[in-house]
Every structure is written in structure tokens, then in C-alpha cells.
$ cat model_3.cif   # mmCIF, C-alpha atoms
data_my_file
loop_
_atom_site.label_atom_id
_atom_site.label_comp_id
_atom_site.auth_asym_id
_atom_site.auth_seq_id
_atom_site.Cartn_x
_atom_site.Cartn_y
_atom_site.Cartn_z
CA MET A 79 4.76 -16.45 44.00
CA SER A 80 1.77 -16.52 41.62
CA SER A 81 3.01 -13.43 39.74
CA GLU A 82 6.38 -15.14 39.16
CA LEU A 83 4.57 -18.22 37.88
CA ALA A 84 2.44 -16.06 35.57
CA LYS A 85 5.58 -14.31 34.21
CA SER A 86 7.26 -17.68 33.63
CA LEU A 87 4.22 -19.03 31.80
CA LEU A 88 4.02 -15.88 29.67
CA VAL A 89 7.72 -16.10 28.73
CA ALA A 90 7.37 -19.82 27.95
CA SER A 91 4.32 -19.12 25.75
CA CYS A 92 6.19 -16.40 23.84
CA VAL A 93 9.15 -18.71 23.25
CA ILE A 94 6.85 -21.46 21.95
CA VAL A 95 5.13 -19.04 19.56
CA ILE A 96 8.45 -17.69 18.26
CA VAL A 97 9.95 -21.15 17.76
CA SER A 98 6.77 -22.41 16.07
CA THR A 99 6.68 -19.42 13.73
CA GLY A 100 10.35 -19.91 12.83
CA PHE A 101 9.77 -23.60 12.14
CA ILE A 102 6.77 -22.88 9.90
CA MET A 103 8.65 -20.19 7.97
CA PHE A 104 11.73 -22.40 7.55
CA SER A 105 9.72 -25.43 6.41
CA THR A 106 7.78 -23.45 3.78
CA SER A 107 10.59 -21.17 2.61
CA SER A 108 11.91 -23.61 0.01
CA SER A 109 8.71 -23.35 -2.05
CA ALA A 110 7.94 -19.72 -1.19
CA VAL A 111 11.28 -18.48 -2.56
CA ALA A 112 11.57 -20.88 -5.46
CA VAL A 113 12.06 -18.23 -8.12
CA ASP A 114 15.17 -16.12 -8.62
CA LEU A 115 14.27 -12.44 -8.26
CA GLY A 116 16.71 -11.14 -10.90
CA VAL A 117 15.12 -9.39 -13.88
CA TYR A 118 15.23 -11.62 -16.93
CA VAL A 119 14.00 -10.78 -20.41
CA LYS A 120 13.08 -13.43 -22.97
CA CYS A 121 12.44 -12.77 -26.66
CA GLU A 122 9.60 -14.77 -28.12
CA ALA A 123 10.85 -14.16 -31.67
CA CYS A 124 14.45 -15.37 -31.43
CA GLY A 125 14.53 -17.04 -27.99
CA ALA A 126 17.28 -14.78 -26.64
CA VAL A 127 17.44 -14.47 -22.84
CA LYS A 128 19.23 -11.72 -20.96
CA SER A 129 19.43 -10.87 -17.27
CA TYR A 130 19.60 -7.39 -15.78
CA SER A 131 19.97 -5.81 -12.38
CA GLY A 132 16.87 -3.89 -11.35
CA GLU A 133 18.61 -0.56 -11.95
CA ASP A 134 19.89 -1.57 -15.40
CA PHE A 135 16.46 -2.85 -16.39
CA THR A 136 14.81 0.43 -15.37
CA LYS A 137 17.40 2.40 -17.38
CA LEU A 138 16.77 0.19 -20.42
CA ALA A 139 12.99 0.56 -20.06
CA GLU A 140 13.31 4.36 -19.84
CA LYS A 141 15.62 4.42 -22.89
CA GLN A 142 13.33 2.23 -24.99
CA PHE A 143 10.23 4.17 -23.93
CA ASN A 144 11.87 7.50 -24.85
CA GLU A 145 12.91 6.07 -28.24
CA LEU A 146 9.34 4.91 -28.83
CA LYS A 147 7.99 8.34 -27.87
CA SER A 148 10.13 9.98 -30.55
CA THR A 149 9.51 7.38 -33.28
CA ASP A 150 5.84 6.43 -32.72
CA PRO A 151 3.94 9.00 -30.64
CA GLU A 152 0.57 7.52 -31.70
CA LEU A 153 1.49 4.14 -30.21
CA VAL A 154 2.63 5.84 -27.01
CA ALA A 155 -0.71 7.67 -26.84
CA ASP A 156 -2.53 4.33 -27.20
CA ILE A 157 -0.41 2.77 -24.45
CA LYS A 158 -1.09 5.75 -22.16
CA TYR A 159 -4.81 5.37 -22.78
CA GLU A 160 -4.69 1.65 -21.94
CA ILE A 161 -2.57 2.18 -18.82
CA SER A 162 -4.83 4.97 -17.57
CA ALA A 163 -7.71 2.45 -17.52
CA ILE A 164 -5.87 0.10 -15.13
CA PRO A 165 -7.01 0.88 -11.58
CA VAL A 166 -4.24 1.91 -9.21
CA ARG A 167 -6.35 0.83 -6.26
CA ASP A 168 -8.46 -2.33 -6.23
CA ASP A 169 -11.17 -0.77 -4.10
CA MET A 170 -11.98 1.99 -6.61
CA PRO A 171 -12.68 1.91 -10.36
CA ALA A 172 -10.28 3.93 -12.51
CA ASN A 173 -12.94 6.53 -13.37
CA MET A 174 -13.38 7.37 -9.66
CA LEU A 175 -9.71 8.24 -9.16
CA PRO A 176 -8.11 11.54 -10.17
CA LYS A 177 -6.75 11.49 -13.72
CA PRO A 178 -2.99 10.80 -13.63
CA SER A 179 -0.64 13.33 -15.18
CA ASP A 180 1.36 12.44 -18.29
CA GLU A 181 4.46 12.07 -16.11
CA GLN A 182 2.65 9.64 -13.77
CA LEU A 183 1.39 7.63 -16.74
CA GLU A 184 4.90 7.46 -18.20
CA GLN A 185 6.28 6.22 -14.87
CA ARG A 186 3.59 3.50 -14.77
CA ILE A 187 4.41 2.50 -18.36
CA ILE A 188 8.13 2.24 -17.53
CA ALA A 189 7.28 0.14 -14.45
CA LEU A 190 5.19 -2.18 -16.66
CA TRP A 191 7.69 -2.17 -19.57
CA GLY A 192 8.26 -5.69 -20.84
CA SER A 193 5.09 -7.02 -19.20
CA LYS A 194 3.44 -9.78 -21.23
CA ALA A 195 0.45 -9.55 -18.91
CA ARG A 196 -0.07 -5.91 -19.96
CA ASP A 197 1.08 -6.50 -23.57
CA ILE A 198 3.91 -3.96 -23.46
CA PRO A 199 6.83 -5.70 -25.21
CA MET A 200 10.43 -4.58 -25.12
CA LYS A 201 12.74 -4.33 -28.09
CA CYS A 202 15.07 -7.33 -28.34
CA GLU A 203 18.72 -6.30 -28.34
CA LYS A 204 19.58 -9.34 -30.49
CA CYS A 205 16.93 -9.38 -33.25
CA GLY A 206 15.47 -5.86 -32.90
CA LYS A 207 11.83 -7.00 -32.72
CA TYR A 208 9.40 -5.81 -30.06
CA GLU A 209 8.76 -9.31 -28.71
CA CYS A 210 10.72 -9.38 -25.43
CA PHE A 211 8.99 -9.80 -22.10
CA LYS A 212 10.01 -9.95 -18.45
CA ALA A 213 10.68 -13.48 -17.34
CA PHE A 214 11.60 -15.37 -14.20
CA LYS A 215 14.12 -18.13 -13.58
CA CYS A 216 13.00 -21.16 -11.59
CA LYS A 217 15.57 -22.06 -8.94
CA LYS A 218 14.50 -25.71 -9.06
CA CYS A 219 14.80 -26.52 -12.77
CA GLY A 220 16.45 -23.39 -14.26
CA GLU A 221 13.59 -22.79 -16.72
CA ILE A 222 13.17 -19.15 -17.72
CA PHE A 223 9.48 -18.45 -18.18
CA VAL A 224 7.28 -15.50 -19.10
CA ILE A 225 4.28 -14.54 -16.98
CA GLU A 226 1.16 -14.66 -19.16
CA LYS A 227 -1.56 -13.16 -16.93
CA PRO A 228 -1.52 -10.22 -14.47
CA GLN A 229 -2.65 -12.32 -11.48
CA GLU A 230 0.31 -14.68 -12.02
CA GLU A 231 2.86 -11.88 -11.48
CA PHE A 232 2.70 -12.38 -7.73
CA SER A 233 2.79 -16.17 -7.66
CA LYS A 234 5.66 -16.52 -10.17
CA MET A 235 4.88 -20.13 -11.04
CA CYS A 236 7.24 -22.16 -13.16
CA SER A 237 5.43 -23.60 -16.16
CA LYS A 238 7.79 -26.58 -16.37
CA CYS A 239 7.92 -27.96 -12.83
CA ASP A 240 4.94 -26.10 -11.25
CA VAL A 241 7.03 -24.63 -8.42
CA GLY A 242 4.90 -22.11 -6.57
CA GLN A 243 1.60 -23.83 -7.33
CA LYS A 244 -0.40 -25.10 -4.40
#
$ encode --input "model_3.cif" --output "C-alpha cells"
Amino acid sequence: MSSELAKSLLVASCVIVIVSTGFIMFSTSSSAVAVDLGVYVKCEACGAVKSYSGEDFTKLAEKQFNELKSTDPELVADIKYEISAIPVRDDMPANMLPKPSDEQLEQRIIALWGSKARDIPMKCEKCGKYECFKAFKCKKCGEIFVIEKPQEEFSKMCSKCDVGQK
């Protein structure tokens, strides 16, 4: 009889934990997922805003990077130098890690293409200036905002209504 009681108590405890976890996740999900995860680009020169699917954005980044490689190889070399100094792992300084190949550096640059935090602008399709940066759309107010600092990339805070800030 005591083993049946122990099993019942264990099952009841598991149910309580699962329900509590679900309640906590549901009650905090409105602020945790307050930003649309589509890829937006905002031009700081002309104010143009465009949205892309992840795949289309990657294709555009690769295209623009390849154009830049052919038109301004010195700038690409400078960008590679800057990117190579960014640690891939937080627990080791960049000089302790193996030197990345050119192909690895190019893949990192494409992944960071349009990042204001890393100062790698995209070319605006409307005005042609290299002043476009990745942006996010706030689901609460609809504001499209650019991330200014690297540490903000993960919090995705709206500058207008402070969604995401604690």
C-alpha cells in the first residue's frame, strides 16, 4: 500500500511541476516574444524599410559581399581583419583560437552583414548608399528599430515602447 501511495504522490508532484511550468511560460510569453523575427532592413540615409525571409536576406548579403569584394578589396581586407578579432568563444581570447580561414571569415562577415553593432552596413536598394542595417519590428507598437550595440542583439528591445526591457 505504501508503494502505491508513493507512486501517486510522485505522479501528483510531476503534474504540479508541469502545470506550474506551463503557467509560468504562458504568463511570460507575451513579453518574451514581443518582437517579430522576420529580417527587416532599415536605411538610415533615406528611411526605406524592407523585409526579407531569412533565405532571401542571406542571398542578398552574399551578393552584396561578393560585389564589394570585386569593387573594393581593401575594404574587404579591413573588414576581415576586424571580424577576425571578434572572439568566437567567450571563454577564450581571439589570439588563443586557431586563425580562421578566408572562407570562414567570409561566412562570418555574411552572417554579420547589415549589423549596426558590428558596423557592417548593407547597400540600400532604394538610394544606393551603404547605410542599411538589420532591424526588428515590435509586435506591440509596430516600430522598426535598429540594434545599436552587440549585447542588445539578444534582447531585441523596442526603443519606442521598451518591450523586452525588464
$ closest_residue --input "model_3.cif" --among "A:Tyr159, A:Phe135, A:Tyr130, A:Phe211" --to "A:Phe223" --atoms "all atoms listed in the file"
A:Phe211
$ closest_residue --input "model_3.cif" --among "A:Lys147, A:Cys202, A:Arg186, A:Glu160" --to "A:Ala126" --atoms "only C-alpha atoms"
A:Cys202
$ atom_distance --input "model_3.cif" --atom1 "atom CA of A:Lys120" --atom2 "atom CA of A:Lys238"
15.6 Å
$ closest_residue --input "model_3.cif" --among "A:Lys194, A:Tyr118, A:Ile157, A:Ile164" --to "A:Cys216" --atoms "all atoms listed in the file"
A:Tyr118
$ atom_distance --input "model_3.cif" --atom1 "atom CA of A:Lys177" --atom2 "atom CA of A:Glu152"
19.8 Å
$ closest_residue --input "model_3.cif" --among "A:Ser81, A:Gln142, A:Thr136, A:Gln185" --to "A:Lys158" --atoms "all atoms listed in the file"
A:Gln185
$ atom_distance --input "model_3.cif" --atom1 "atom CA of A:Ala213" --atom2 "atom CA of A:Leu146"
21.7 Å
$ residues_near_point --input "model_3.cif" --point "(-0.7, 4.7, -21.1)" --cutoff "12 Å" --atoms "all atoms listed in the file" --output "VMD selection string"
chain A and resid 143 147 151 to 164 177 to 191 196 to 198
$ closest_residue --input "model_3.cif" --among "A:Gly125, A:Met200, A:Glu140, A:Glu82" --to "A:Ile222" --atoms "all atoms listed in the file"
A:Gly125
$ closest_residue --input "model_3.cif" --among "A:Ala123, A:Ser193, A:Glu203, A:Val224" --to "A:Leu138" --atoms "all atoms listed in the file"
A:Glu203
$ build_atoms --input "model_3.cif" --residues "stretch 136-156 of chain A" --atoms "N, CA and C atoms" --output "short mmCIF file (atom, residue, chain, number, x, y, z; two decimals), keeping the file's coordinate frame"
data_model
loop_
_atom_site.label_atom_id
_atom_site.label_comp_id
_atom_site.auth_asym_id
_atom_site.auth_seq_id
_atom_site.Cartn_x
_atom_site.Cartn_y
_atom_site.Cartn_z
N THR A 136 15.57 -0.82 -15.38
CA THR A 136 14.81 0.43 -15.37
C THR A 136 15.41 1.42 -16.36
N LYS A 137 16.74 1.51 -16.41
CA LYS A 137 17.40 2.40 -17.38
C LYS A 137 17.06 1.99 -18.81
N LEU A 138 17.10 0.68 -19.08
CA LEU A 138 16.77 0.19 -20.42
C LEU A 138 15.32 0.49 -20.77
N ALA A 139 14.41 0.28 -19.82
CA ALA A 139 12.99 0.56 -20.06
C ALA A 139 12.78 2.05 -20.36
N GLU A 140 13.42 2.92 -19.59
CA GLU A 140 13.31 4.36 -19.84
C GLU A 140 13.85 4.71 -21.22
N LYS A 141 15.01 4.14 -21.58
CA LYS A 141 15.62 4.42 -22.89
C LYS A 141 14.71 3.98 -24.02
N GLN A 142 14.19 2.74 -23.93
CA GLN A 142 13.33 2.23 -24.99
C GLN A 142 12.02 3.02 -25.08
N PHE A 143 11.47 3.39 -23.92
CA PHE A 143 10.23 4.17 -23.93
C PHE A 143 10.46 5.53 -24.58
N ASN A 144 11.57 6.19 -24.25
CA ASN A 144 11.87 7.50 -24.85
C ASN A 144 12.09 7.39 -26.35
N GLU A 145 12.74 6.30 -26.80
CA GLU A 145 12.91 6.07 -28.24
C GLU A 145 11.55 5.90 -28.91
N LEU A 146 10.67 5.15 -28.26
CA LEU A 146 9.34 4.91 -28.83
C LEU A 146 8.54 6.21 -28.89
N LYS A 147 8.69 7.05 -27.87
CA LYS A 147 7.99 8.34 -27.87
C LYS A 147 8.40 9.19 -29.07
N SER A 148 9.67 9.14 -29.44
CA SER A 148 10.13 9.98 -30.55
C SER A 148 9.83 9.35 -31.91
N THR A 149 9.74 8.03 -31.98
CA THR A 149 9.51 7.38 -33.28
C THR A 149 8.04 7.05 -33.55
N ASP A 150 7.25 6.80 -32.51
CA ASP A 150 5.84 6.43 -32.72
C ASP A 150 4.95 7.02 -31.63
N PRO A 151 4.74 8.35 -31.68
CA PRO A 151 3.94 9.00 -30.64
C PRO A 151 2.49 8.50 -30.57
N GLU A 152 1.95 8.05 -31.71
CA GLU A 152 0.57 7.52 -31.70
C GLU A 152 0.47 6.24 -30.88
N LEU A 153 1.47 5.37 -31.00
CA LEU A 153 1.49 4.14 -30.21
C LEU A 153 1.62 4.47 -28.73
N VAL A 154 2.46 5.43 -28.40
CA VAL A 154 2.63 5.84 -27.01
C VAL A 154 1.31 6.39 -26.46
N ALA A 155 0.59 7.15 -27.27
CA ALA A 155 -0.71 7.67 -26.84
C ALA A 155 -1.69 6.53 -26.57
N ASP A 156 -1.66 5.50 -27.42
CA ASP A 156 -2.53 4.33 -27.20
C ASP A 156 -2.16 3.61 -25.90
#
